[in-house]
$ cat input.pdb   # PDB, C-alpha atoms
MODEL        1
ATOM      1  CA  MET A   1     -27.853   1.249   3.658
ATOM      2  CA  ASP A   2     -26.025   0.884   0.285
ATOM      3  CA  LEU A   3     -23.332  -1.714  -0.351
ATOM      4  CA  ASP A   4     -20.386   0.652   0.147
ATOM      5  CA  ASN A   5     -21.646   1.848   3.524
ATOM      6  CA  PHE A   6     -22.353  -1.737   4.536
ATOM      7  CA  ILE A   7     -18.802  -2.818   3.645
ATOM      8  CA  TYR A   8     -17.305   0.077   5.584
ATOM      9  CA  THR A   9     -19.550  -0.452   8.621
ATOM     10  CA  ALA A  10     -19.048  -4.221   8.662
ATOM     11  CA  SER A  11     -15.263  -4.000   8.385
ATOM     12  CA  HIS A  12     -15.171  -1.337  11.108
ATOM     13  CA  ASP A  13     -17.451  -3.236  13.498
ATOM     14  CA  LEU A  14     -15.561  -6.500  13.050
ATOM     15  CA  ARG A  15     -12.236  -5.020  14.109
ATOM     16  CA  ALA A  16     -13.090  -4.900  17.832
ATOM     17  CA  PRO A  17     -14.197  -8.538  18.273
ATOM     18  CA  ILE A  18     -11.282  -9.950  16.285
ATOM     19  CA  THR A  19      -8.886  -7.821  18.328
ATOM     20  CA  ASN A  20     -10.495  -9.209  21.485
ATOM     21  CA  ILE A  21     -10.086 -12.755  20.193
ATOM     22  CA  GLU A  22      -6.432 -12.086  19.491
ATOM     23  CA  GLY A  23      -5.996 -10.757  23.030
ATOM     24  CA  LEU A  24      -7.696 -13.804  24.543
ATOM     25  CA  LEU A  25      -5.500 -16.084  22.458
ATOM     26  CA  LEU A  26      -2.401 -14.312  23.744
ATOM     27  CA  ALA A  27      -3.641 -14.654  27.330
ATOM     28  CA  LEU A  28      -4.283 -18.351  26.748
ATOM     29  CA  ARG A  29      -0.732 -18.820  25.526
ATOM     30  CA  GLU A  30       0.593 -17.185  28.680
ATOM     31  CA  GLN A  31      -1.607 -19.280  30.956
ATOM     32  CA  ILE A  32      -0.557 -22.604  29.492
ATOM     33  CA  SER A  33       2.511 -23.682  31.391
ATOM     34  CA  ALA A  34       5.703 -24.687  29.636
ATOM     35  CA  SER A  35       5.412 -28.176  31.024
ATOM     36  CA  ALA A  36       1.910 -28.632  29.652
ATOM     37  CA  ALA A  37       3.004 -27.403  26.255
ATOM     38  CA  LEU A  38       5.948 -29.790  26.243
ATOM     39  CA  SER A  39       3.862 -32.763  27.349
ATOM     40  CA  ASP A  40       1.289 -32.295  24.606
ATOM     41  CA  ASN A  41       2.676 -31.200  21.236
ATOM     42  CA  LEU A  42      -0.872 -30.663  19.954
ATOM     43  CA  ILE A  43      -1.409 -27.605  22.153
ATOM     44  CA  PRO A  44       1.106 -25.259  20.498
ATOM     45  CA  GLN A  45       0.014 -26.549  17.090
ATOM     46  CA  LEU A  46      -3.612 -25.679  17.798
ATOM     47  CA  LEU A  47      -2.636 -22.268  19.142
ATOM     48  CA  ASP A  48      -0.644 -21.549  15.980
ATOM     49  CA  MET A  49      -3.618 -22.574  13.822
ATOM     50  CA  MET A  50      -5.894 -20.250  15.810
ATOM     51  CA  GLN A  51      -3.421 -17.373  15.450
ATOM     52  CA  GLY A  52      -3.230 -17.983  11.711
ATOM     53  CA  ALA A  53      -7.027 -17.847  11.435
ATOM     54  CA  VAL A  54      -7.100 -14.542  13.332
ATOM     55  CA  GLU A  55      -4.447 -13.040  11.059
ATOM     56  CA  ARG A  56      -6.291 -14.129   7.897
ATOM     57  CA  PHE A  57      -9.469 -12.568   9.288
ATOM     58  CA  GLN A  58      -7.605  -9.316   9.926
ATOM     59  CA  VAL A  59      -6.341  -9.252   6.338
ATOM     60  CA  THR A  60      -9.898  -9.726   5.058
ATOM     61  CA  ILE A  61     -11.136  -6.838   7.196
ATOM     62  CA  ALA A  62      -8.317  -4.635   5.901
ATOM     63  CA  GLN A  63      -9.235  -5.528   2.321
ATOM     64  CA  LEU A  64     -12.877  -4.605   2.899
ATOM     65  CA  THR A  65     -11.837  -1.303   4.435
ATOM     66  CA  ASP A  66      -9.601  -0.509   1.459
ATOM     67  CA  ILE A  67     -12.418  -1.235  -1.008
ATOM     68  CA  ALA A  68     -14.771   1.078   0.885
ATOM     69  CA  ARG A  69     -12.061   3.747   0.937
ATOM     70  CA  LEU A  70     -11.665   3.434  -2.836
ATOM     71  CA  GLN A  71     -15.349   4.170  -3.412
ATOM     72  CA  GLN A  72     -15.132   7.197  -1.138
ATOM     73  CA  ALA A  73     -12.071   8.381  -3.088
ATOM     74  CA  HIS A  74     -14.030   8.161  -6.343
ATOM     75  CA  ASP A  75     -16.552  10.673  -5.001
ATOM     76  CA  LEU A  76     -14.001  13.362  -4.029
ATOM     77  CA  ALA A  77     -13.936  16.581  -6.051
ATOM     78  CA  THR A  78     -10.781  17.587  -7.913
ATOM     79  CA  GLU A  79      -8.991  20.887  -7.410
ATOM     80  CA  GLU A  80      -5.662  22.477  -8.263
ATOM     81  CA  VAL A  81      -3.090  20.853  -5.981
ATOM     82  CA  ALA A  82       0.523  21.909  -5.337
ATOM     83  CA  VAL A  83       2.438  18.710  -6.067
ATOM     84  CA  ALA A  84       5.552  19.634  -4.051
ATOM     85  CA  GLU A  85       3.487  20.177  -0.896
ATOM     86  CA  VAL A  86       1.831  16.766  -1.203
ATOM     87  CA  VAL A  87       5.157  15.013  -1.818
ATOM     88  CA  GLU A  88       6.765  16.737   1.166
ATOM     89  CA  ALA A  89       3.867  15.753   3.443
ATOM     90  CA  VAL A  90       4.222  12.119   2.345
ATOM     91  CA  ARG A  91       7.992  12.249   2.855
ATOM     92  CA  LEU A  92       7.472  13.387   6.439
ATOM     93  CA  ASP A  93       4.926  10.612   7.022
ATOM     94  CA  LEU A  94       7.369   8.015   5.669
ATOM     95  CA  ALA A  95      10.384   9.370   7.557
ATOM     96  CA  PRO A  96      10.427   6.500  10.118
ATOM     97  CA  GLN A  97      10.309   3.866   7.350
ATOM     98  CA  LEU A  98      12.996   5.665   5.366
ATOM     99  CA  THR A  99      15.237   5.806   8.429
ATOM    100  CA  GLN A 100      14.631   2.180   9.378
ATOM    101  CA  ALA A 101      15.450   1.010   5.839
ATOM    102  CA  ALA A 102      18.407   3.435   5.514
ATOM    103  CA  ALA A 103      16.731   4.504   2.277
ATOM    104  CA  GLN A 104      17.599   7.579   0.215
ATOM    105  CA  LEU A 105      14.674   9.501  -1.270
ATOM    106  CA  LEU A 106      15.538  11.916  -4.074
ATOM    107  CA  VAL A 107      12.780  14.371  -5.043
ATOM    108  CA  ASP A 108      12.699  16.592  -8.121
ATOM    109  CA  VAL A 109       9.470  18.638  -8.187
ATOM    110  CA  ALA A 110       9.160  22.303  -9.133
ATOM    111  CA  PRO A 111       7.611  24.371  -6.310
ATOM    112  CA  ASP A 112       4.993  25.862  -8.660
ATOM    113  CA  LEU A 113       3.900  22.589 -10.308
ATOM    114  CA  ARG A 114       0.168  22.013  -9.896
ATOM    115  CA  VAL A 115      -2.215  19.313 -11.063
ATOM    116  CA  SER A 116      -5.983  18.883 -11.046
ATOM    117  CA  PHE A 117      -6.671  16.072  -8.568
ATOM    118  CA  ALA A 118      -8.402  15.418  -5.269
ATOM    119  CA  PRO A 119      -5.713  16.287  -2.666
ATOM    120  CA  LYS A 120      -6.437  13.221  -0.536
ATOM    121  CA  ASN A 121      -6.263  10.961  -3.587
ATOM    122  CA  LEU A 122      -2.995  12.441  -4.819
ATOM    123  CA  ARG A 123      -1.521  11.833  -1.388
ATOM    124  CA  SER A 124      -2.685   8.206  -1.545
ATOM    125  CA  VAL A 125      -1.091   7.739  -4.976
ATOM    126  CA  VAL A 126       2.262   9.186  -3.898
ATOM    127  CA  TYR A 127       2.190   7.382  -0.537
ATOM    128  CA  ASN A 128       1.455   3.985  -2.087
ATOM    129  CA  LEU A 129       4.211   4.242  -4.679
ATOM    130  CA  LEU A 130       6.870   5.486  -2.250
ATOM    131  CA  SER A 131       5.959   3.087   0.560
ATOM    132  CA  ASN A 132       6.028   0.159  -1.878
ATOM    133  CA  ALA A 133       9.475   1.209  -3.060
ATOM    134  CA  ILE A 134      10.659   1.049   0.549
ATOM    135  CA  LYS A 135       8.877  -2.208   1.406
ATOM    136  CA  TYR A 136      10.099  -4.082  -1.662
ATOM    137  CA  ARG A 137      13.715  -2.974  -1.385
ATOM    138  CA  HIS A 138      16.578  -5.256  -2.328
ATOM    139  CA  PRO A 139      18.301  -6.762   0.729
ATOM    140  CA  ALA A 140      21.765  -6.553  -0.847
ATOM    141  CA  ARG A 141      21.970  -2.777  -1.410
ATOM    142  CA  GLN A 142      20.920   0.572   0.012
ATOM    143  CA  PRO A 143      17.447   1.538  -1.211
ATOM    144  CA  VAL A 144      17.437   4.573  -3.495
ATOM    145  CA  VAL A 145      14.065   5.978  -4.561
ATOM    146  CA  ARG A 146      13.719   8.797  -7.083
ATOM    147  CA  LEU A 147      10.494  10.768  -7.505
ATOM    148  CA  ARG A 148      10.222  13.276 -10.308
ATOM    149  CA  ALA A 149       7.199  15.301 -11.400
ATOM    150  CA  GLU A 150       7.239  17.648 -14.369
ATOM    151  CA  ARG A 151       4.970  19.249 -16.927
ATOM    152  CA  ARG A 152       5.209  17.656 -20.373
ATOM    153  CA  GLU A 153       2.376  19.125 -22.376
ATOM    154  CA  PRO A 154      -0.374  18.073 -22.456
ATOM    155  CA  ALA A 155       0.294  16.185 -19.209
ATOM    156  CA  VAL A 156       1.945  16.276 -15.816
ATOM    157  CA  VAL A 157       4.213  13.245 -15.564
ATOM    158  CA  PHE A 158       5.184  11.517 -12.317
ATOM    159  CA  THR A 159       8.085   9.057 -12.309
ATOM    160  CA  VAL A 160       8.884   6.892  -9.273
ATOM    161  CA  GLN A 161      12.000   4.767  -9.725
ATOM    162  CA  ASP A 162      13.608   2.365  -7.262
ATOM    163  CA  ASN A 163      16.495  -0.120  -7.194
ATOM    164  CA  GLY A 164      14.506  -2.792  -5.388
ATOM    165  CA  LEU A 165      13.525  -6.399  -6.032
ATOM    166  CA  GLY A 166      11.964  -5.732  -9.423
ATOM    167  CA  LEU A 167       9.219  -7.701 -11.171
ATOM    168  CA  SER A 168       9.115 -10.372 -13.845
ATOM    169  CA  ALA A 169       7.028  -9.908 -16.998
ATOM    170  CA  GLN A 170       4.364 -12.205 -15.530
ATOM    171  CA  GLN A 171       4.236 -10.247 -12.283
ATOM    172  CA  GLN A 172       3.908  -6.975 -14.173
ATOM    173  CA  GLY A 173       0.843  -8.365 -15.935
ATOM    174  CA  GLN A 174      -0.787  -9.063 -12.555
ATOM    175  CA  LEU A 175       0.408  -5.954 -10.770
ATOM    176  CA  PHE A 176      -2.737  -3.827 -10.810
ATOM    177  CA  GLY A 177      -5.228  -6.615 -10.101
ATOM    178  CA  LEU A 178      -7.401  -6.549  -7.001
ATOM    179  CA  PHE A 179      -5.951  -8.503  -4.045
ATOM    180  CA  GLN A 180      -2.743  -9.268  -5.966
ATOM    181  CA  ARG A 181       0.293  -9.744  -3.716
ATOM    182  CA  LEU A 182       3.409 -10.541  -5.730
ATOM    183  CA  HIS A 183       5.850 -10.493  -2.804
ATOM    184  CA  THR A 184       4.466 -12.163   0.319
ATOM    185  CA  HIS A 185       7.374 -11.503   2.698
ATOM    186  CA  VAL A 186       5.932  -8.112   3.716
ATOM    187  CA  GLU A 187       2.513  -7.114   5.038
ATOM    188  CA  GLY A 188      -0.168  -5.888   2.656
ATOM    189  CA  THR A 189      -3.707  -6.430   1.402
ATOM    190  CA  GLY A 190      -3.071  -6.445  -2.346
ATOM    191  CA  VAL A 191      -5.346  -3.441  -2.860
ATOM    192  CA  GLY A 192      -2.926  -0.474  -2.933
ATOM    193  CA  LEU A 193      -1.860  -0.468  -6.592
ATOM    194  CA  TYR A 194      -5.372  -1.344  -7.720
ATOM    195  CA  MET A 195      -6.558   1.785  -5.894
ATOM    196  CA  VAL A 196      -3.758   3.876  -7.414
ATOM    197  CA  LYS A 197      -4.714   2.781 -10.929
ATOM    198  CA  ARG A 198      -8.391   3.523 -10.339
ATOM    199  CA  MET A 199      -7.667   6.977  -8.895
ATOM    200  CA  VAL A 200      -5.392   7.879 -11.806
ATOM    201  CA  GLU A 201      -7.798   6.604 -14.473
ATOM    202  CA  ASN A 202     -10.760   8.350 -12.820
ATOM    203  CA  VAL A 203      -9.263  11.714 -13.831
ATOM    204  CA  GLY A 204      -8.309  10.571 -17.321
ATOM    205  CA  GLY A 205      -4.712   9.648 -16.513
ATOM    206  CA  THR A 206      -2.596   6.562 -17.153
ATOM    207  CA  ILE A 207      -0.110   4.508 -15.127
ATOM    208  CA  THR A 208       2.494   2.153 -16.571
ATOM    209  CA  VAL A 209       5.337   0.108 -15.110
ATOM    210  CA  GLN A 210       8.804  -0.818 -16.297
ATOM    211  CA  SER A 211      10.718  -3.364 -14.260
ATOM    212  CA  GLN A 212      13.472  -5.972 -14.229
ATOM    213  CA  PRO A 213      13.972  -8.611 -11.534
ATOM    214  CA  GLU A 214      16.902  -7.817  -9.216
ATOM    215  CA  ILE A 215      17.324  -4.386 -10.910
ATOM    216  CA  GLY A 216      14.347  -2.257  -9.883
ATOM    217  CA  THR A 217      11.015  -0.796 -10.909
ATOM    218  CA  THR A 218       9.810   2.459 -12.444
ATOM    219  CA  PHE A 219       6.214   3.671 -12.340
ATOM    220  CA  ILE A 220       5.155   6.382 -14.787
ATOM    221  CA  ILE A 221       1.930   8.303 -14.223
ATOM    222  CA  GLN A 222       0.550  10.793 -16.720
ATOM    223  CA  LEU A 223      -2.180  13.153 -15.561
ATOM    224  CA  PRO A 224      -4.027  15.709 -17.689
ATOM    225  CA  ALA A 225      -2.506  19.127 -17.214
TER     226      ALA A 225
ENDMDL
END

$ encode --input "input.pdb" --output "structure tokens"
Amino acid sequence: MDLDNFIYTASHDLRAPITNIEGLLLALREQISASAALSDNLIPQLLDMMQGAVERFQVTIAQLTDIARLQQAHDLATEEVAVAEVVEAVRLDLAPQLTQAAAQLLVDVAPDLRVSFAPKNLRSVVYNLLSNAIKYRHPARQPVVRLRAERREPAVVFTVQDNGLGLSAQQQGQLFGLFQRLHTHVEGTGVGLYMVKRMVENVGGTITVQSQPEIGTTFIIQLPA
């Protein structure tokens, strides 16, 4: 078994036991009476430490799964993909998050625009960028996300712009690193943008970022036409 298959198999097989441990921990919490918890302050502290260990283990498993998925993505064949169809499919998938965040998604993609890419990978690229724009929204204003894709010879250019939290110059320098999480108040494994960059560069494309703290972020992807 090669390393990639081992990582995938190990991360998959570890999910069940850690989920069982989490369930047993929850049952233990319920069994401990309120009086016992109040009489011994160490009990809730120990339970919280155990829960924290379980959650860190789950993050590690998710990271391993993402790495295995990246290798699988590298092996996918490219084909001519209708960009508008991919974007619409992602929009439908993100509809609950958009509604919950009261976010406005503005899309400008010509119906006949096509790009040479693995369909599954293009979906991952669009999904990661749009979901990040929703997750890292600014709490003081309505989230507005703009996605535009157009042909600018000799490339097809994707632009994803948001009015979210934004990034400092230092954060931008770390953005595409593996396991980098620059905002820790939301869930994530720190693998998504690393995967996006790898997928884009695998087909000869580029991805850049422009951002200002408290203003928003713009990602620009150029793919060979």

$ closest_residue --input "input.pdb" --among "A:Ala118, A:Ile61, A:Leu98, A:Ala82" --to "Ala149 in chain A" --atoms "all atoms listed in the file"
A:Ala82

$ residues_around --input "input.pdb" --residues "Leu105 in chain A" --least-positions-apart "3" --cutoff "12 Å" --atoms "all atoms listed in the file" --output "short mmCIF file (atom, residue, chain, number, x, y, z; two decimals) with C-alpha atoms, in the frame of the given file"
data_model
loop_
_atom_site.label_atom_id
_atom_site.label_comp_id
_atom_site.auth_asym_id
_atom_site.auth_seq_id
_atom_site.Cartn_x
_atom_site.Cartn_y
_atom_site.Cartn_z
CA VAL A 87 5.16 15.01 -1.82
CA GLU A 88 6.76 16.74 1.17
CA VAL A 90 4.22 12.12 2.35
CA ARG A 91 7.99 12.25 2.86
CA LEU A 92 7.47 13.39 6.44
CA LEU A 94 7.37 8.02 5.67
CA ALA A 95 10.38 9.37 7.56
CA GLN A 97 10.31 3.87 7.35
CA LEU A 98 13.00 5.66 5.37
CA THR A 99 15.24 5.81 8.43
CA ALA A 101 15.45 1.01 5.84
CA ALA A 102 18.41 3.44 5.51
CA ASP A 108 12.70 16.59 -8.12
CA LEU A 130 6.87 5.49 -2.25
CA SER A 131 5.96 3.09 0.56
CA ALA A 133 9.48 1.21 -3.06
CA ILE A 134 10.66 1.05 0.55
CA GLN A 142 20.92 0.57 0.01
CA PRO A 143 17.45 1.54 -1.21
CA VAL A 144 17.44 4.57 -3.50
CA VAL A 145 14.06 5.98 -4.56
CA ARG A 146 13.72 8.80 -7.08
CA LEU A 147 10.49 10.77 -7.50
CA ARG A 148 10.22 13.28 -10.31
CA VAL A 160 8.88 6.89 -9.27
CA GLN A 161 12.00 4.77 -9.72
CA ASP A 162 13.61 2.37 -7.26
CA ASN A 163 16.50 -0.12 -7.19
#

$ resolve_selection --input "input.pdb" --expression "the PyMOL selection byres ((chain A and resi 200) around 12)" --output "short mmCIF file (atom, residue, chain, number, x, y, z; two decimals) with C-alpha atoms, in the frame of the given file"
data_model
loop_
_atom_site.label_atom_id
_atom_site.label_comp_id
_atom_site.auth_asym_id
_atom_site.auth_seq_id
_atom_site.Cartn_x
_atom_site.Cartn_y
_atom_site.Cartn_z
CA LEU A 70 -11.66 3.43 -2.84
CA ALA A 73 -12.07 8.38 -3.09
CA HIS A 74 -14.03 8.16 -6.34
CA THR A 78 -10.78 17.59 -7.91
CA VAL A 115 -2.22 19.31 -11.06
CA SER A 116 -5.98 18.88 -11.05
CA PHE A 117 -6.67 16.07 -8.57
CA ALA A 118 -8.40 15.42 -5.27
CA ASN A 121 -6.26 10.96 -3.59
CA LEU A 122 -3.00 12.44 -4.82
CA ARG A 123 -1.52 11.83 -1.39
CA SER A 124 -2.68 8.21 -1.54
CA VAL A 125 -1.09 7.74 -4.98
CA VAL A 126 2.26 9.19 -3.90
CA VAL A 156 1.94 16.28 -15.82
CA VAL A 157 4.21 13.24 -15.56
CA PHE A 158 5.18 11.52 -12.32
CA LEU A 193 -1.86 -0.47 -6.59
CA TYR A 194 -5.37 -1.34 -7.72
CA MET A 195 -6.56 1.78 -5.89
CA VAL A 196 -3.76 3.88 -7.41
CA LYS A 197 -4.71 2.78 -10.93
CA ARG A 198 -8.39 3.52 -10.34
CA MET A 199 -7.67 6.98 -8.90
CA GLU A 201 -7.80 6.60 -14.47
CA ASN A 202 -10.76 8.35 -12.82
CA VAL A 203 -9.26 11.71 -13.83
CA GLY A 204 -8.31 10.57 -17.32
CA GLY A 205 -4.71 9.65 -16.51
CA THR A 206 -2.60 6.56 -17.15
CA ILE A 207 -0.11 4.51 -15.13
CA THR A 208 2.49 2.15 -16.57
CA ILE A 220 5.16 6.38 -14.79
CA ILE A 221 1.93 8.30 -14.22
CA GLN A 222 0.55 10.79 -16.72
CA LEU A 223 -2.18 13.15 -15.56
CA PRO A 224 -4.03 15.71 -17.69
#

$ residues_around --input "input.pdb" --residues "range 22-27 of chain A" --least-positions-apart "5" --cutoff "10 Å" --atoms "all atoms listed in the file" --output "list in words"
Ala16, Pro17, Ile32, Leu47, Asp48, Met50, Gln51, Ala53, Val54 and Glu55 of chain A

$ residues_around --input "input.pdb" --residues "Ile215 in chain A" --least-positions-apart "3" --cutoff "10 Å" --atoms "only C-alpha atoms" --output "MDAnalysis selection string"
chainID A and resid 138 162:167 211:212

$ atom_distance --input "input.pdb" --atom1 "CA of Gln171 in chain A" --atom2 "CA of Asn128 in chain A"
17.7 Å

$ atom_distance --input "input.pdb" --atom1 "CA of Ala110 in chain A" --atom2 "CA of Val209 in chain A"
23.3 Å

$ atom_distance --input "input.pdb" --atom1 "CA of Tyr136 in chain A" --atom2 "CA of Pro213 in chain A"
11.5 Å

$ decode --input "input.pdb" --residues "range 112-144 of chain A" --atoms "N, CA and C atoms" --output "PDB file, in the first residue's frame"
ATOM      1  N   ASP A 112     -21.335  30.652 -21.995  1.00  0.00           N
ATOM      2  CA  ASP A 112     -20.526  29.839 -22.906  1.00  0.00           C
ATOM      3  C   ASP A 112     -19.044  29.789 -22.511  1.00  0.00           C
ATOM      4  N   LEU A 113     -18.688  30.344 -21.360  1.00  0.00           N
ATOM      5  CA  LEU A 113     -17.283  30.352 -20.945  1.00  0.00           C
ATOM      6  C   LEU A 113     -16.864  28.954 -20.510  1.00  0.00           C
ATOM      7  N   ARG A 114     -15.762  28.471 -21.073  1.00  0.00           N
ATOM      8  CA  ARG A 114     -15.265  27.141 -20.745  1.00  0.00           C
ATOM      9  C   ARG A 114     -13.778  27.224 -20.421  1.00  0.00           C
ATOM     10  N   VAL A 115     -13.315  26.276 -19.621  1.00  0.00           N
ATOM     11  CA  VAL A 115     -11.914  26.237 -19.236  1.00  0.00           C
ATOM     12  C   VAL A 115     -11.471  24.784 -19.148  1.00  0.00           C
ATOM     13  N   SER A 116     -10.206  24.536 -19.426  1.00  0.00           N
ATOM     14  CA  SER A 116      -9.666  23.184 -19.352  1.00  0.00           C
ATOM     15  C   SER A 116      -9.236  22.890 -17.920  1.00  0.00           C
ATOM     16  N   PHE A 117      -9.988  22.007 -17.252  1.00  0.00           N
ATOM     17  CA  PHE A 117      -9.753  21.727 -15.833  1.00  0.00           C
ATOM     18  C   PHE A 117     -10.482  20.426 -15.499  1.00  0.00           C
ATOM     19  N   ALA A 118     -10.047  19.764 -14.460  1.00  0.00           N
ATOM     20  CA  ALA A 118     -10.824  18.619 -13.964  1.00  0.00           C
ATOM     21  C   ALA A 118     -12.088  19.167 -13.305  1.00  0.00           C
ATOM     22  N   PRO A 119     -13.280  18.721 -13.710  1.00  0.00           N
ATOM     23  CA  PRO A 119     -14.522  19.292 -13.163  1.00  0.00           C
ATOM     24  C   PRO A 119     -14.580  19.263 -11.641  1.00  0.00           C
ATOM     25  N   LYS A 120     -14.185  18.148 -11.046  1.00  0.00           N
ATOM     26  CA  LYS A 120     -14.228  18.034  -9.587  1.00  0.00           C
ATOM     27  C   LYS A 120     -13.286  19.037  -8.937  1.00  0.00           C
ATOM     28  N   ASN A 121     -12.113  19.253  -9.554  1.00  0.00           N
ATOM     29  CA  ASN A 121     -11.154  20.190  -8.994  1.00  0.00           C
ATOM     30  C   ASN A 121     -11.636  21.635  -9.120  1.00  0.00           C
ATOM     31  N   LEU A 122     -12.240  21.960 -10.256  1.00  0.00           N
ATOM     32  CA  LEU A 122     -12.752  23.317 -10.427  1.00  0.00           C
ATOM     33  C   LEU A 122     -13.841  23.605  -9.398  1.00  0.00           C
ATOM     34  N   ARG A 123     -14.669  22.597  -9.144  1.00  0.00           N
ATOM     35  CA  ARG A 123     -15.695  22.777  -8.111  1.00  0.00           C
ATOM     36  C   ARG A 123     -15.046  23.034  -6.754  1.00  0.00           C
ATOM     37  N   SER A 124     -13.979  22.295  -6.439  1.00  0.00           N
ATOM     38  CA  SER A 124     -13.299  22.481  -5.159  1.00  0.00           C
ATOM     39  C   SER A 124     -12.713  23.885  -5.039  1.00  0.00           C
ATOM     40  N   VAL A 125     -12.130  24.382  -6.131  1.00  0.00           N
ATOM     41  CA  VAL A 125     -11.551  25.727  -6.126  1.00  0.00           C
ATOM     42  C   VAL A 125     -12.633  26.768  -5.852  1.00  0.00           C
ATOM     43  N   VAL A 126     -13.725  26.702  -6.617  1.00  0.00           N
ATOM     44  CA  VAL A 126     -14.803  27.682  -6.450  1.00  0.00           C
ATOM     45  C   VAL A 126     -15.438  27.550  -5.064  1.00  0.00           C
ATOM     46  N   TYR A 127     -15.664  26.316  -4.624  1.00  0.00           N
ATOM     47  CA  TYR A 127     -16.306  26.094  -3.322  1.00  0.00           C
ATOM     48  C   TYR A 127     -15.453  26.657  -2.186  1.00  0.00           C
ATOM     49  N   ASN A 128     -14.148  26.381  -2.225  1.00  0.00           N
ATOM     50  CA  ASN A 128     -13.272  26.869  -1.160  1.00  0.00           C
ATOM     51  C   ASN A 128     -13.272  28.392  -1.091  1.00  0.00           C
ATOM     52  N   LEU A 129     -13.147  29.051  -2.223  1.00  0.00           N
ATOM     53  CA  LEU A 129     -13.079  30.505  -2.218  1.00  0.00           C
ATOM     54  C   LEU A 129     -14.399  31.135  -1.759  1.00  0.00           C
ATOM     55  N   LEU A 130     -15.521  30.620  -2.226  1.00  0.00           N
ATOM     56  CA  LEU A 130     -16.807  31.189  -1.831  1.00  0.00           C
ATOM     57  C   LEU A 130     -17.141  30.880  -0.370  1.00  0.00           C
ATOM     58  N   SER A 131     -16.885  29.649   0.058  1.00  0.00           N
ATOM     59  CA  SER A 131     -17.192  29.302   1.451  1.00  0.00           C
ATOM     60  C   SER A 131     -16.315  30.081   2.419  1.00  0.00           C
ATOM     61  N   ASN A 132     -15.058  30.331   2.049  1.00  0.00           N
ATOM     62  CA  ASN A 132     -14.188  31.146   2.898  1.00  0.00           C
ATOM     63  C   ASN A 132     -14.707  32.576   2.999  1.00  0.00           C
ATOM     64  N   ALA A 133     -15.192  33.104   1.875  1.00  0.00           N
ATOM     65  CA  ALA A 133     -15.724  34.463   1.888  1.00  0.00           C
ATOM     66  C   ALA A 133     -16.910  34.578   2.838  1.00  0.00           C
ATOM     67  N   ILE A 134     -17.700  33.515   2.936  1.00  0.00           N
ATOM     68  CA  ILE A 134     -18.835  33.515   3.856  1.00  0.00           C
ATOM     69  C   ILE A 134     -18.355  33.341   5.300  1.00  0.00           C
ATOM     70  N   LYS A 135     -17.453  32.397   5.516  1.00  0.00           N
ATOM     71  CA  LYS A 135     -16.982  32.102   6.871  1.00  0.00           C
ATOM     72  C   LYS A 135     -16.282  33.294   7.508  1.00  0.00           C
ATOM     73  N   TYR A 136     -15.454  33.987   6.710  1.00  0.00           N
ATOM     74  CA  TYR A 136     -14.646  35.070   7.256  1.00  0.00           C
ATOM     75  C   TYR A 136     -15.274  36.430   6.972  1.00  0.00           C
ATOM     76  N   ARG A 137     -16.591  36.481   7.097  1.00  0.00           N
ATOM     77  CA  ARG A 137     -17.326  37.729   6.894  1.00  0.00           C
ATOM     78  C   ARG A 137     -17.088  38.693   8.066  1.00  0.00           C
ATOM     79  N   HIS A 138     -17.341  39.950   7.804  1.00  0.00           N
ATOM     80  CA  HIS A 138     -17.197  40.969   8.838  1.00  0.00           C
ATOM     81  C   HIS A 138     -18.486  41.026   9.657  1.00  0.00           C
ATOM     82  N   PRO A 139     -18.381  41.025  10.986  1.00  0.00           N
ATOM     83  CA  PRO A 139     -19.605  40.980  11.802  1.00  0.00           C
ATOM     84  C   PRO A 139     -20.416  42.270  11.766  1.00  0.00           C
ATOM     85  N   ALA A 140     -19.822  43.363  11.271  1.00  0.00           N
ATOM     86  CA  ALA A 140     -20.491  44.659  11.350  1.00  0.00           C
ATOM     87  C   ALA A 140     -21.238  45.038  10.070  1.00  0.00           C
ATOM     88  N   ARG A 141     -21.237  44.173   9.047  1.00  0.00           N
ATOM     89  CA  ARG A 141     -21.922  44.527   7.806  1.00  0.00           C
ATOM     90  C   ARG A 141     -22.401  43.269   7.075  1.00  0.00           C
ATOM     91  N   GLN A 142     -23.359  43.473   6.177  1.00  0.00           N
ATOM     92  CA  GLN A 142     -23.866  42.355   5.390  1.00  0.00           C
ATOM     93  C   GLN A 142     -22.770  41.853   4.456  1.00  0.00           C
ATOM     94  N   PRO A 143     -22.559  40.538   4.429  1.00  0.00           N
ATOM     95  CA  PRO A 143     -21.543  39.993   3.516  1.00  0.00           C
ATOM     96  C   PRO A 143     -21.987  40.137   2.063  1.00  0.00           C
ATOM     97  N   VAL A 144     -21.087  40.654   1.233  1.00  0.00           N
ATOM     98  CA  VAL A 144     -21.311  40.734  -0.203  1.00  0.00           C
ATOM     99  C   VAL A 144     -20.114  40.076  -0.883  1.00  0.00           C
TER     100      VAL A 144
END
